[in-house]
file entry.tsv (TSV, C-alpha atoms and all ligand atoms)
chain	number	residue	atom	x	y	z
A	14	MET	CA	-14.63	71.18	-22.40
A	15	SER	CA	-16.39	74.38	-23.40
A	16	LYS	CA	-18.56	77.23	-22.22
A	17	LEU	CA	-21.80	76.24	-20.53
A	18	SER	CA	-24.43	77.95	-18.43
A	19	LEU	CA	-24.03	77.44	-14.69
A	20	ASP	CA	-27.19	75.32	-14.34
A	21	ARG	CA	-25.99	72.96	-17.09
A	22	ILE	CA	-22.57	72.70	-15.47
A	23	LEU	CA	-24.11	71.71	-12.15
A	24	GLN	CA	-26.33	69.19	-13.90
A	25	SER	CA	-23.37	67.71	-15.79
A	26	GLN	CA	-21.58	67.20	-12.46
A	27	GLY	CA	-24.47	65.21	-11.03
A	28	PHE	CA	-26.04	67.77	-8.71
A	29	GLY	CA	-29.54	66.89	-9.93
A	30	THR	CA	-32.09	67.93	-12.50
A	31	ARG	CA	-31.74	71.25	-14.24
A	32	LYS	CA	-34.71	72.56	-12.25
A	33	TYR	CA	-33.05	71.55	-8.99
A	34	CYS	CA	-29.70	73.03	-10.09
A	35	ARG	CA	-31.40	76.34	-10.91
A	36	ALA	CA	-33.00	76.32	-7.47
A	37	LEU	CA	-29.59	75.71	-5.86
A	38	ILE	CA	-28.21	78.78	-7.62
A	39	GLU	CA	-31.23	80.93	-6.79
A	40	ASP	CA	-30.97	79.86	-3.14
A	41	GLY	CA	-27.36	81.16	-3.03
A	42	GLU	CA	-25.79	77.71	-2.53
A	43	VAL	CA	-23.27	78.07	-5.38
A	44	SER	CA	-20.18	80.28	-5.28
A	45	ILE	CA	-17.13	80.68	-7.47
A	46	ALA	CA	-13.92	82.12	-6.02
A	47	GLY	CA	-15.85	83.36	-2.99
A	48	GLU	CA	-18.58	85.08	-5.02
A	49	VAL	CA	-22.13	83.82	-4.64
A	50	GLN	CA	-23.65	83.15	-8.07
A	51	THR	CA	-27.18	84.39	-8.51
A	52	SER	CA	-27.87	83.76	-12.20
A	53	TYR	CA	-28.14	80.27	-13.62
A	54	LYS	CA	-27.64	81.74	-17.09
A	55	THR	CA	-24.07	82.83	-16.40
A	56	SER	CA	-21.92	81.24	-19.10
A	57	LEU	CA	-18.61	79.85	-17.87
A	58	GLU	CA	-15.56	78.10	-19.26
A	59	THR	CA	-15.62	74.69	-17.63
A	60	ASP	CA	-11.92	73.92	-18.03
A	61	GLY	CA	-10.27	74.38	-14.64
A	62	LEU	CA	-13.50	75.60	-13.05
A	63	VAL	CA	-13.85	75.10	-9.30
A	64	LEU	CA	-17.29	75.50	-7.78
A	65	ASP	CA	-18.31	75.85	-4.20
A	66	VAL	CA	-21.60	74.04	-3.59
A	67	PHE	CA	-23.16	73.91	-0.12
A	68	GLY	CA	-19.81	75.23	1.13
A	69	GLU	CA	-17.82	72.36	-0.39
A	70	GLN	CA	-15.30	72.64	-3.20
A	71	TRP	CA	-16.17	70.82	-6.39
A	72	VAL	CA	-13.63	70.63	-9.22
A	73	VAL	CA	-15.55	70.46	-12.51
A	74	ARG	CA	-14.52	67.39	-14.52
A	75	GLU	CA	-15.85	66.36	-17.89
A	76	HIS	CA	-15.50	62.72	-16.88
A	77	VAL	CA	-14.45	61.03	-13.68
A	78	TYR	CA	-12.04	58.12	-13.34
A	79	ILE	CA	-12.17	56.58	-9.91
A	80	ALA	CA	-10.39	53.81	-8.04
A	81	LEU	CA	-12.32	52.30	-5.15
A	82	HIS	CA	-10.89	49.91	-2.57
A	83	LYS	CA	-13.90	47.64	-2.62
A	84	PRO	CA	-14.75	46.01	0.70
A	85	ALA	CA	-16.46	42.61	0.90
A	86	ASN	CA	-20.25	42.50	0.98
A	87	PHE	CA	-20.84	45.16	-1.67
A	88	GLU	CA	-22.24	44.32	-5.09
A	89	CYS	CA	-21.03	45.79	-8.38
A	90	SER	CA	-24.40	45.29	-10.02
A	91	ARG	CA	-26.47	48.36	-10.90
A	92	LYS	CA	-29.44	46.71	-9.22
A	93	PRO	CA	-27.91	45.01	-6.18
A	94	SER	CA	-30.07	42.33	-4.62
A	95	HIS	CA	-28.41	40.99	-1.45
A	96	HIS	CA	-25.85	43.61	-0.42
A	97	PRO	CA	-25.51	47.37	-0.88
A	98	GLY	CA	-24.15	48.53	-4.24
A	99	VAL	CA	-20.63	49.92	-4.59
A	100	LEU	CA	-22.09	53.26	-5.68
A	101	THR	CA	-23.32	53.79	-2.13
A	102	LEU	CA	-19.63	54.22	-1.18
A	103	LEU	CA	-19.27	57.27	-3.45
A	104	PRO	CA	-20.81	60.76	-3.33
A	105	GLU	CA	-24.36	60.66	-4.72
A	106	GLN	CA	-23.37	63.01	-7.56
A	107	PHE	CA	-21.63	60.02	-9.17
A	108	THR	CA	-24.87	58.05	-9.33
A	109	TRP	CA	-26.58	61.00	-11.00
A	110	ARG	CA	-23.84	61.25	-13.60
A	111	ASP	CA	-24.05	57.53	-14.31
A	112	VAL	CA	-20.70	56.41	-12.96
A	113	GLN	CA	-20.39	52.64	-13.41
A	114	PRO	CA	-17.98	49.94	-12.36
A	115	VAL	CA	-15.46	48.90	-15.02
A	116	GLY	CA	-16.04	45.18	-15.03
A	117	ARG	CA	-17.14	43.46	-11.87
A	118	LEU	CA	-15.81	41.97	-8.69
A	119	ASP	CA	-17.87	39.40	-6.82
A	120	HIS	CA	-19.64	40.62	-3.70
A	121	ASP	CA	-17.08	38.84	-1.49
A	122	THR	CA	-14.00	39.97	-3.48
A	123	THR	CA	-12.07	42.94	-2.11
A	124	GLY	CA	-9.60	45.27	-3.82
A	125	MET	CA	-9.23	47.62	-6.71
A	126	LEU	CA	-12.36	48.51	-8.64
A	127	LEU	CA	-12.27	51.15	-11.36
A	128	MET	CA	-15.33	53.29	-11.93
A	129	SER	CA	-16.10	55.93	-14.53
A	130	ASP	CA	-18.78	57.79	-16.47
A	131	ASP	CA	-16.69	57.72	-19.66
A	132	GLY	CA	-18.28	55.08	-21.90
A	133	PRO	CA	-15.35	54.64	-24.34
A	134	PHE	CA	-12.93	54.32	-21.40
A	135	ILE	CA	-15.11	51.65	-19.76
A	136	HIS	CA	-15.35	49.81	-23.06
A	137	ALA	CA	-11.62	49.99	-23.81
A	138	GLN	CA	-10.64	49.00	-20.30
A	139	SER	CA	-12.94	45.98	-20.37
A	140	SER	CA	-11.95	44.86	-23.86
A	141	PRO	CA	-10.13	41.50	-23.93
A	142	LYS	CA	-8.20	42.79	-26.97
A	143	ARG	CA	-6.23	45.10	-24.70
A	144	HIS	CA	-4.78	42.26	-22.63
A	145	ILE	CA	-4.80	44.34	-19.46
A	146	PRO	CA	-3.43	42.20	-16.62
A	147	LYS	CA	-5.43	42.02	-13.40
A	148	ILE	CA	-3.43	40.92	-10.41
A	149	TYR	CA	-5.28	38.89	-7.78
A	150	GLN	CA	-4.24	37.50	-4.43
A	151	ALA	CA	-6.18	34.35	-3.67
A	152	THR	CA	-6.42	32.50	-0.38
A	153	THR	CA	-7.09	28.84	-1.00
A	154	ALA	CA	-8.95	26.34	1.15
A	155	ASP	CA	-6.32	23.62	0.59
A	156	PRO	CA	-2.55	24.16	0.54
A	157	VAL	CA	-1.04	25.46	-2.69
A	158	THR	CA	1.07	22.84	-4.47
A	159	PRO	CA	3.56	23.18	-7.33
A	160	GLU	CA	1.10	21.07	-9.38
A	161	LEU	CA	-1.69	23.58	-8.77
A	162	VAL	CA	0.52	26.46	-9.93
A	163	ALA	CA	1.64	24.46	-12.98
A	164	GLN	CA	-1.97	23.63	-13.88
A	165	LEU	CA	-3.10	27.25	-13.62
A	166	LEU	CA	-0.19	28.30	-15.82
A	167	SER	CA	-0.74	25.66	-18.47
A	168	GLY	CA	-4.52	26.18	-18.59
A	169	VAL	CA	-7.66	24.67	-17.09
A	170	GLN	CA	-10.85	23.81	-18.90
A	171	LEU	CA	-13.90	25.62	-17.55
A	172	HIS	CA	-17.45	24.57	-18.21
A	173	ASP	CA	-18.91	26.74	-21.06
A	174	GLU	CA	-15.50	27.86	-22.32
A	175	PRO	CA	-14.39	26.66	-25.74
A	176	ALA	CA	-10.71	26.40	-24.78
A	177	PRO	CA	-8.66	26.06	-21.56
A	178	LEU	CA	-7.89	29.33	-19.75
A	179	ALA	CA	-4.41	29.94	-18.41
A	180	ALA	CA	-3.04	32.43	-15.89
A	181	GLN	CA	-0.56	34.86	-17.37
A	182	ARG	CA	1.45	34.55	-14.17
A	183	CYS	CA	0.98	32.49	-11.03
A	184	VAL	CA	3.21	32.56	-7.98
A	185	GLN	CA	2.84	30.89	-4.60
A	186	LEU	CA	2.90	33.51	-1.84
A	187	GLY	CA	2.28	31.33	1.19
A	188	GLU	CA	0.97	27.95	2.26
A	189	ARG	CA	-2.56	28.83	1.12
A	190	GLN	CA	-1.85	32.02	-0.78
A	191	LEU	CA	-1.09	32.67	-4.40
A	192	GLU	CA	-0.85	35.57	-6.78
A	193	ILE	CA	-2.61	34.95	-10.04
A	194	VAL	CA	-2.54	37.31	-13.00
A	195	LEU	CA	-5.30	37.13	-15.59
A	196	GLU	CA	-5.77	39.00	-18.84
A	197	GLN	CA	-9.36	37.89	-19.33
A	198	GLY	CA	-12.27	38.83	-17.09
A	199	LYS	CA	-14.61	35.86	-17.30
A	200	TYR	CA	-17.39	35.35	-14.79
A	201	HIS	CA	-15.94	34.11	-11.43
A	202	GLN	CA	-12.77	33.29	-13.35
A	203	VAL	CA	-10.29	32.94	-10.49
A	204	LYS	CA	-12.70	30.92	-8.37
A	205	ARG	CA	-13.67	28.68	-11.25
A	206	MET	CA	-10.06	28.13	-12.31
A	207	LEU	CA	-9.06	27.19	-8.77
A	208	ALA	CA	-12.02	24.81	-8.51
A	209	ALA	CA	-11.21	23.26	-11.89
A	210	ALA	CA	-7.65	22.72	-10.69
A	211	GLY	CA	-8.93	20.85	-7.61
A	212	ASN	CA	-8.69	23.55	-4.92
A	213	HIS	CA	-11.15	26.16	-3.64
A	214	CYS	CA	-10.94	29.94	-3.35
A	215	ALA	CA	-11.56	30.99	0.24
A	216	ALA	CA	-10.89	34.70	-0.27
A	217	LEU	CA	-9.99	36.93	-3.20
A	218	HIS	CA	-8.41	40.38	-3.43
A	219	ARG	CA	-7.52	42.39	-6.56
A	220	ALA	CA	-4.21	44.08	-5.81
A	221	ALA	CA	-3.57	45.82	-9.14
A	222	ILE	CA	-4.75	46.49	-12.66
A	223	GLY	CA	-2.02	46.88	-15.25
A	224	GLY	CA	0.80	48.76	-13.54
A	225	LEU	CA	-1.45	50.56	-11.05
A	226	THR	CA	-1.36	48.98	-7.60
A	227	LEU	CA	-3.87	49.55	-4.84
A	228	ASP	CA	-0.97	50.00	-2.40
A	229	SER	CA	0.34	52.98	-4.39
A	230	LEU	CA	-3.01	54.72	-3.93
A	231	GLY	CA	-2.98	54.27	-0.15
A	232	LEU	CA	-6.72	53.61	0.03
A	233	ALA	CA	-8.23	51.87	3.04
A	234	GLU	CA	-11.21	49.57	2.43
A	235	GLY	CA	-14.21	51.62	1.33
A	236	GLU	CA	-12.08	54.63	0.33
A	237	TRP	CA	-11.85	55.98	-3.21
A	238	CYS	CA	-9.81	58.53	-5.15
A	239	TYR	CA	-9.80	60.22	-8.54
A	240	LEU	CA	-7.27	58.83	-10.98
A	241	GLU	CA	-5.24	61.43	-12.82
A	242	LYS	CA	-3.55	61.16	-16.21
A	243	GLU	CA	-0.32	59.55	-15.00
A	244	GLN	CA	-2.22	56.91	-13.04
A	245	LEU	CA	-4.56	56.18	-15.94
A	246	ALA	CA	-1.54	55.63	-18.17
A	247	LEU	CA	-0.38	52.88	-15.80
A	248	LEU	CA	-3.58	50.90	-16.31
A	249	VAL	CA	-2.68	49.90	-19.83
A	250	PRO	CA	0.51	47.97	-20.51
A	251	ALA	CA	2.99	50.04	-22.58
A	252	GLU	CA	2.69	47.72	-25.59
A	253	ALA	CA	-1.12	48.21	-25.68
A	254	GLN	CA	-1.06	51.99	-25.41
A	255	PRO	CA	-2.30	53.81	-28.51
B	1	LIG	N1	-12.44	36.18	-10.40
B	1	LIG	C1	-13.39	35.79	-9.52
B	1	LIG	O1	-13.65	34.59	-9.37
B	1	LIG	N2	-14.04	36.73	-8.82
B	1	LIG	C2	-13.79	38.05	-8.93
B	1	LIG	O2	-14.42	38.86	-8.24
B	1	LIG	C3	-12.80	38.46	-9.84
B	1	LIG	C4	-12.13	37.51	-10.57

call {"tool": "encode", "arguments": {"input": "entry.tsv", "output": "structure tokens"}}
result
Amino acid sequence: MSKLSLDRILQSQGFGTRKYCRALIEDGEVSIAGEVQTSYKTSLETDGLVLDVFGEQWVVREHVYIALHKPANFECSRKPSHHPGVLTLLPEQFTWRDVQPVGRLDHDTTGMLLMSDDGPFIHAQSSPKRHIPKIYQATTADPVTPELVAQLLSGVQLHDEPAPLAAQRCVQLGERQLEIVLEQGKYHQVKRMLAAAGNHCAALHRAAIGGLTLDSLGLAEGEWCYLEKEQLALLVPAEAQP
């Protein structure tokens, strides 16, 4: 990052319009290292900068990379219609700075959802060319059979798809439980593949993306965390890393 005036820094972090950010500073709501800042014109190096806004620490980040443990009954859409949006689970600064979900999970799917305000990251992470595996745990309505697993592995034809889609990996976990790994991210893909193979998805959970597991992050449903460099590196399989 670079040097910016304090009002611009606050705006870049999602604290509101420039006018509002100037008012925050003039009202004495912003401190740095214990010193109340009174001028919005103060030019500061943003790298490593930690602000104190309304008495709460805020580490300045050029972009944010977030993992959310999505609960059921939240929509990933920017304009949710039937359930609250996933952005309501994050601090409101993230809405202001245009944080968006990376891909989508259905409203009833739980598990790992990435979110960011870094457009190229969102694009790269969603690109089918990267072959990033997404690991799902599906609960099925009918018992899992070896034939079902074999069908998902060899490929099932979905309506509107030019060719059959196959799971990269598929393992039975229990009587009505299987782990299914997909590299694509087609609309309702797991549910449609299970239906096309003659079963029905009763519940769906995304346990991991690439080598980053939700368990390793220790997030309860509805909780989120920033992803740091080492964790971001795990999202992309080694062979696809630049
Ligand atoms: N496949 C689905 O059917 N739903 C999801 O939410 C994710 C993958």

call {"tool": "closest_residue", "arguments": {"input": "entry.tsv", "among": "A:Asp121, A:Ala221, A:Lys142, A:Asp228", "to": "ligand LIG 1 (chain B)", "atoms": "only C-alpha atoms and all ligand atoms"}}
result
A:Asp121

call {"tool": "closest_residue", "arguments": {"input": "entry.tsv", "among": "A:Leu118, A:Leu64, A:Val112, A:Leu232", "to": "Cys89 in chain A", "atoms": "all atoms listed in the file"}}
result
A:Leu118

call {"tool": "atom_distance", "arguments": {"input": "entry.tsv", "atom1": "CA of Gly98 in chain A", "atom2": "CA of Gly27 in chain A"}}
result
18.0 Å

call {"tool": "closest_residue", "arguments": {"input": "entry.tsv", "among": "A:Leu127, A:Met206, A:Ala80, A:Leu161", "to": "ligand LIG 1 (chain B)", "atoms": "all atoms listed in the file"}}
result
A:Met206

call {"tool": "residues_near_ligand", "arguments": {"input": "entry.tsv", "ligand": "ligand LIG 1 (chain B)", "cutoff": "6 Å", "atoms": "all atoms listed in the file", "output": "PyMOL selection string"}}
result
chain A and resi 118-119+122+201-204

call {"tool": "closest_residue", "arguments": {"input": "entry.tsv", "among": "A:Asp130, A:Ala210, A:Ala154, A:Ser44", "to": "Trp109 in chain A", "atoms": "only C-alpha atoms"}}
result
A:Asp130

call {"tool": "closest_residue", "arguments": {"input": "entry.tsv", "among": "A:Ser25, A:Ser167, A:Ser94, A:Gln197", "to": "His120 in chain A", "atoms": "only C-alpha atoms"}}
result
A:Ser94

call {"tool": "residues_around", "arguments": {"input": "entry.tsv", "residues": "Thr108 in chain A", "least_positions_apart": "2", "cutoff": "12 Å", "atoms": "all atoms listed in the file", "output": "list in words"}}
result
Ser25, Gln26, Gly27, Phe28, Gly29, Val77, Arg91, Gly98, Val99, Leu100, Thr101, Leu102, Leu103, Pro104, Glu105, Gln106, Arg110, Asp111, Val112, Gln113, Pro114, Met128, Ser129 and Asp130 of chain A

call {"tool": "closest_residue", "arguments": {"input": "entry.tsv", "among": "A:Leu171, A:Ala179, A:Val157, A:Val249", "to": "Asn212 in chain A", "atoms": "all atoms listed in the file"}}
result
A:Val157

call {"tool": "residues_around", "arguments": {"input": "entry.tsv", "residues": "Pro146 in chain A", "least_positions_apart": "6", "cutoff": "9 Å", "atoms": "all atoms listed in the file", "output": "list in words"}}
result
Gln181, Val194, Leu195, Glu196, Gln197, Ala221, Ile222, Gly223, Gly224, Leu248, Val249 and Pro250 of chain A

call {"tool": "residues_around", "arguments": {"input": "entry.tsv", "residues": "Leu186 in chain A", "least_positions_apart": "2", "cutoff": "12 Å", "atoms": "only C-alpha atoms", "output": "ChimeraX atom specification"}}
result
/A:149-153,156-159,162,183-184,188-193

call {"tool": "atom_distance", "arguments": {"input": "entry.tsv", "atom1": "CA of Leu81 in chain A", "atom2": "CA of Ala246 in chain A"}}
result
17.2 Å

call {"tool": "residues_around", "arguments": {"input": "entry.tsv", "residues": "Val49 in chain A", "least_positions_apart": "6", "cutoff": "12 Å", "atoms": "only C-alpha atoms", "output": "list in words"}}
result
Leu37, Ile38, Glu39, Asp40, Gly41, Glu42, Val43, Thr55, Leu64, Asp65, Val66, Phe67 and Gly68 of chain A

call {"tool": "residues_around", "arguments": {"input": "entry.tsv", "residues": "Leu207 in chain A", "least_positions_apart": "6", "cutoff": "8 Å", "atoms": "all atoms listed in the file", "output": "ChimeraX atom specification"}}
result
/A:165,213-214

call {"tool": "atom_distance", "arguments": {"input": "entry.tsv", "atom1": "CA of Gly168 in chain A", "atom2": "CA of Arg205 in chain A"}}
result
12.0 Å

call {"tool": "axis_aligned_box", "arguments": {"input": "entry.tsv", "around": "range 152-165 of chain A", "padding_each_side": "5 Å", "output": "JSON"}}
result
{"center_x": -2.7, "center_y": 26.8, "center_z": -6.4, "size_x": 22.5, "size_y": 21.4, "size_z": 25.0}

call {"tool": "build_atoms", "arguments": {"input": "entry.tsv", "residues": "range 83-98 of chain A", "atoms": "N, CA, C and O atoms", "output": "compact mmCIF listing (two decimals), keeping the file's coordinate frame"}}
result
# COMPACT_ATOMS: atom_id res chain seq x y z
N LYS A 83 -12.61 48.28 -2.90
CA LYS A 83 -13.90 47.64 -2.62
C LYS A 83 -13.80 46.73 -1.39
O LYS A 83 -12.95 45.86 -1.34
N PRO A 84 -14.70 46.95 -0.43
CA PRO A 84 -14.75 46.01 0.70
C PRO A 84 -15.61 44.81 0.32
O PRO A 84 -16.33 44.85 -0.67
N ALA A 85 -15.56 43.75 1.12
CA ALA A 85 -16.46 42.61 0.90
C ALA A 85 -17.89 43.05 1.23
O ALA A 85 -18.10 44.06 1.90
N ASN A 86 -18.82 42.28 0.72
CA ASN A 86 -20.25 42.50 0.98
C ASN A 86 -20.82 43.76 0.35
O ASN A 86 -21.72 44.40 0.90
N PHE A 87 -20.27 44.12 -0.81
CA PHE A 87 -20.84 45.16 -1.67
C PHE A 87 -20.94 44.57 -3.07
O PHE A 87 -20.02 43.86 -3.50
N GLU A 88 -22.04 44.87 -3.74
CA GLU A 88 -22.24 44.32 -5.09
C GLU A 88 -21.90 45.37 -6.15
O GLU A 88 -22.18 46.56 -5.97
N CYS A 89 -21.35 44.89 -7.28
CA CYS A 89 -21.03 45.79 -8.38
C CYS A 89 -22.22 46.01 -9.30
O CYS A 89 -22.20 46.91 -10.14
N SER A 90 -23.24 45.20 -9.14
CA SER A 90 -24.40 45.29 -10.02
C SER A 90 -25.10 46.64 -9.87
O SER A 90 -25.10 47.25 -8.79
N ARG A 91 -25.73 47.09 -10.96
CA ARG A 91 -26.47 48.36 -10.90
C ARG A 91 -27.74 48.21 -10.08
O ARG A 91 -28.29 49.18 -9.56
N LYS A 92 -28.24 46.96 -10.04
CA LYS A 92 -29.44 46.71 -9.22
C LYS A 92 -29.09 45.62 -8.20
O LYS A 92 -29.47 44.47 -8.34
N PRO A 93 -28.35 46.01 -7.15
CA PRO A 93 -27.91 45.01 -6.18
C PRO A 93 -29.10 44.34 -5.50
O PRO A 93 -30.13 44.96 -5.28
N SER A 94 -28.92 43.05 -5.18
CA SER A 94 -30.07 42.33 -4.62
C SER A 94 -29.85 41.92 -3.16
O SER A 94 -30.78 41.95 -2.36
N HIS A 95 -28.61 41.52 -2.81
CA HIS A 95 -28.41 40.99 -1.45
C HIS A 95 -27.54 41.87 -0.56
O HIS A 95 -27.49 41.67 0.65
N HIS A 96 -26.79 42.76 -1.18
CA HIS A 96 -25.85 43.61 -0.42
C HIS A 96 -25.96 45.01 -1.01
O HIS A 96 -26.42 45.17 -2.13
N PRO A 97 -25.49 46.03 -0.29
CA PRO A 97 -25.51 47.37 -0.88
C PRO A 97 -24.63 47.43 -2.12
O PRO A 97 -23.67 46.65 -2.27
N GLY A 98 -24.94 48.35 -3.03
CA GLY A 98 -24.15 48.53 -4.24
C GLY A 98 -22.90 49.35 -3.97
O GLY A 98 -22.87 50.14 -3.02
